[in-house]
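Below is one structure, written out as structure tokens, with a few remarks after it.
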Amino acid sequence: MTDKIRIACSIMILLVAATCTAADLQFKIKVNPAGVARRNSPTSIVLSPGRELPANWKATGKERISAFLTPTDGGEPIDAQVVTSKTSKGLEVYWIEKKLDPGKESNYILSIGKAVVTTSSLFSFKEDLSHSDLLYGKKPVWRQMTAYDPSSKESLHQTYKTFHHVWGFHGDGFITKGAGGQYTHHRGLFIGFSKTRVGDKQWDFWHCKGVSVRHEKYDPAAEVMGPVLGRTLSQTGWYNPEGEVVVRDYRQVTAWRQVEAQTLLDFVITIEAVSDKVNLKGDPQHAGFQYRAVESKPGKGNKTTYVRSTESTGGKNDVWEGAEWITGIFQHGENNYAVTHMDHPKNPRPTVYSTRNYGRFGAYFEKDLKKGEKLELRYRIFIVDTKRHPDVSVARYEKKYWDYIEPSRITVSPVRN
């Protein structure tokens, strides 16, 4: 789908009830922060037929509905976003919990009804020949480089791997590095393993010498756009020198609505062994899911300092064991950025973080997969302008990490008319 803007939002989800109308649905929602300080926190519930929803409820794709949360204390309504749940056959409802401290609770009335016009900005997605962009309103959030062009040595060098760029907040372009410069194979947010063994052969899907990591397609059915989140799902093939796919990955990227000068991205990357058993391996400096900061000067990297989780130990050769997250802090032009890379505890263990002072940092693990086996990986990327949000303390990022891995406790009950 080339040069086409696909915009979908919670107020445009196509749904209809069987013998009850969606417009009649209201629920009491109570949010307990579970002992974690929540700030601009992605929050969600699932409404299932026969439980929260009427037993005869079903989505058939004919009627548009929306959702919003009204605080019971009389505050302003909060945008919510509705997505049809493929697992429960019901609804997933998403919103952002702006501020909720331990010991407090948020109480809302959730109203689900027919489509209305929202004044909030919406996420949108634009797919082009060489790249794709996610925007929030008119502001670009990320760009995935999707081209693969082996027609010349130079074009192949530019396109041998797909990756995600991230935009800054001040019209200052990308805060991630692309092709060229210091270590040309370090590009934006990317994943790869320098010693990927497939059967009895081994290839380097980090430097991509003689092999390539190619974007293949997006899944339109998995695309979700609205006032709370923007989500895409892309398919990537890891091609051997003979042009055969030996490994495939699926990258679900969710961008969440945040306050000014903040970006929050969730990556769910599913790696599949396609042609034979697979061993994902390398070393902390040449494998895993990594972030590479923009170069302040071409070929010079970007002087980056780091804040690390309290669990981290070591530091020899910039390798940190037990780290749950790492924050890299750097300057781009006149602007200052802090990028936090969070590793979910359900990811393979042991995992170590590697950091370099020129701005490459990320998480490394090793894993064996049988043919046909899939591995799901989860990471969160949190980006702030440190002039607008100056707290870069360990305590601040520990709270953000717990907000990621420990969801709020939410109770749902229908409003009885």
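Order determines the names: the first chain of the structure tokens is A, the second B, and so forth; residues in each chain are numbered 1 upward, and ligands are numbered 1 upward as they are shown.
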
Give me, as JSON lines, each residue of segment 119-178 of chain A that comes within 9 Å of segment 194-216 of chain A, together with its shortest interatomic pair and the distance in Å at one decimal, counting only C-alpha atoms, with rows ordered by chain and rising residue number.
{"residue": "A:Met145", "atom": "CA", "partner": "A:His215", "partner_atom": "CA", "distance": 8.3}
{"residue": "A:Thr146", "atom": "CA", "partner": "A:His215", "partner_atom": "CA", "distance": 5.3}
{"residue": "A:Ala147", "atom": "CA", "partner": "A:His215", "partner_atom": "CA", "distance": 7.3}
{"residue": "A:Tyr148", "atom": "CA", "partner": "A:Arg214", "partner_atom": "CA", "distance": 6.4}
{"residue": "A:Thr159", "atom": "CA", "partner": "A:Arg214", "partner_atom": "CA", "distance": 8.2}
{"residue": "A:Tyr160", "atom": "CA", "partner": "A:Ser212", "partner_atom": "CA", "distance": 4.9}
{"residue": "A:Lys161", "atom": "CA", "partner": "A:Val213", "partner_atom": "CA", "distance": 4.5}
{"residue": "A:Thr162", "atom": "CA", "partner": "A:Arg214", "partner_atom": "CA", "distance": 5.8}
{"residue": "A:Phe163", "atom": "CA", "partner": "A:His215", "partner_atom": "CA", "distance": 8.8}

Contact table segment 133-175 of chain A vs segment 385-400 of chain A, cut-off 12 Å, shortest pair per residue, only C-alpha atoms, as a Markdown table:
| residue | atom | partner | partner_atom | distance |
| --- | --- | --- | --- | --- |
| A:Trp167 | CA | A:Asp385 | CA | 11.7 |
| A:Gly168 | CA | A:Asp385 | CA | 8.5 |
| A:Phe169 | CA | A:Asp385 | CA | 7.6 |
| A:His170 | CA | A:Asp385 | CA | 9.5 |
| A:Ile175 | CA | A:Asp385 | CA | 11.1 |

Got time to write the residues from that selection, C-alpha atoms, as an mmCIF file, in the first residue's frame?
data_model
loop_
_atom_site.group_PDB
_atom_site.id
_atom_site.type_symbol
_atom_site.label_atom_id
_atom_site.label_comp_id
_atom_site.auth_asym_id
_atom_site.auth_seq_id
_atom_site.Cartn_x
_atom_site.Cartn_y
_atom_site.Cartn_z
ATOM 1 C CA TRP A 167 12.176 12.104 15.776
ATOM 2 C CA GLY A 168 13.204 14.823 18.208
ATOM 3 C CA PHE A 169 10.808 17.387 19.655
ATOM 4 C CA HIS A 170 12.109 20.661 18.212
ATOM 5 C CA ILE A 175 17.690 11.605 17.362
#

Set the distance at 9 Å and use only C-alpha atoms: which residues neighbour segment 249-256 of chain A once local chain neighbours fewer than 2 positions away are removed? I'd like the list as a PyMOL selection string. chain A and resi 41-42+96+123+134+136+141-142+222+224+227-238+247+258+263-273+374

Using DSSP secondary structure from the backbone, list all strand (DSSP E or B) positions within segment 128-236 of chain A, as number ranges by chain. A: 131-136, 139-145, 161, 163-167, 174, 176, 189-193, 195-198, 201-203, 212-218, 224-225, 229-236

When you look at segment 300-304 of chain A with a cut-off of 6 Å (counting only C-alpha atoms), what residues show up, excluding the ones that are within fewer than 2 positions of it in the same chain? I need them as a PDB file with N, CA and C atoms, in the first residue's frame.
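Result file part.pdb:
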ATOM      1  N   GLU A 295      24.492  11.147  15.607  1.00  0.00           N
ATOM      2  CA  GLU A 295      25.870  11.649  15.747  1.00  0.00           C
ATOM      3  C   GLU A 295      25.850  13.171  15.764  1.00  0.00           C
ATOM      4  N   SER A 296      26.457  13.769  16.817  1.00  0.00           N
ATOM      5  CA  SER A 296      26.531  15.227  16.856  1.00  0.00           C
ATOM      6  C   SER A 296      27.399  15.771  15.738  1.00  0.00           C
ATOM      7  N   LYS A 297      28.455  15.037  15.428  1.00  0.00           N
ATOM      8  CA  LYS A 297      29.315  15.357  14.288  1.00  0.00           C
ATOM      9  C   LYS A 297      29.503  14.063  13.494  1.00  0.00           C
ATOM     10  N   PRO A 298      29.391  14.128  12.163  1.00  0.00           N
ATOM     11  CA  PRO A 298      29.515  12.915  11.355  1.00  0.00           C
ATOM     12  C   PRO A 298      30.785  12.139  11.670  1.00  0.00           C
ATOM     13  N   ILE A 329      22.000   9.663  27.991  1.00  0.00           N
ATOM     14  CA  ILE A 329      21.740  11.106  27.983  1.00  0.00           C
ATOM     15  C   ILE A 329      22.733  11.775  27.046  1.00  0.00           C
ATOM     16  N   PHE A 330      22.223  12.542  26.069  1.00  0.00           N
ATOM     17  CA  PHE A 330      23.106  13.152  25.075  1.00  0.00           C
ATOM     18  C   PHE A 330      22.509  14.462  24.570  1.00  0.00           C
ATOM     19  N   ASN A 357      30.153   5.105  25.025  1.00  0.00           N
ATOM     20  CA  ASN A 357      30.052   6.550  25.246  1.00  0.00           C
ATOM     21  C   ASN A 357      29.736   7.333  23.971  1.00  0.00           C
ATOM     22  N   TYR A 358      29.767   6.687  22.796  1.00  0.00           N
ATOM     23  CA  TYR A 358      29.395   7.370  21.563  1.00  0.00           C
ATOM     24  C   TYR A 358      27.895   7.240  21.274  1.00  0.00           C
ATOM     25  N   GLY A 359      27.159   6.481  22.120  1.00  0.00           N
ATOM     26  CA  GLY A 359      25.709   6.506  21.996  1.00  0.00           C
ATOM     27  C   GLY A 359      25.038   5.235  21.521  1.00  0.00           C
TER      28      GLY A 359
END
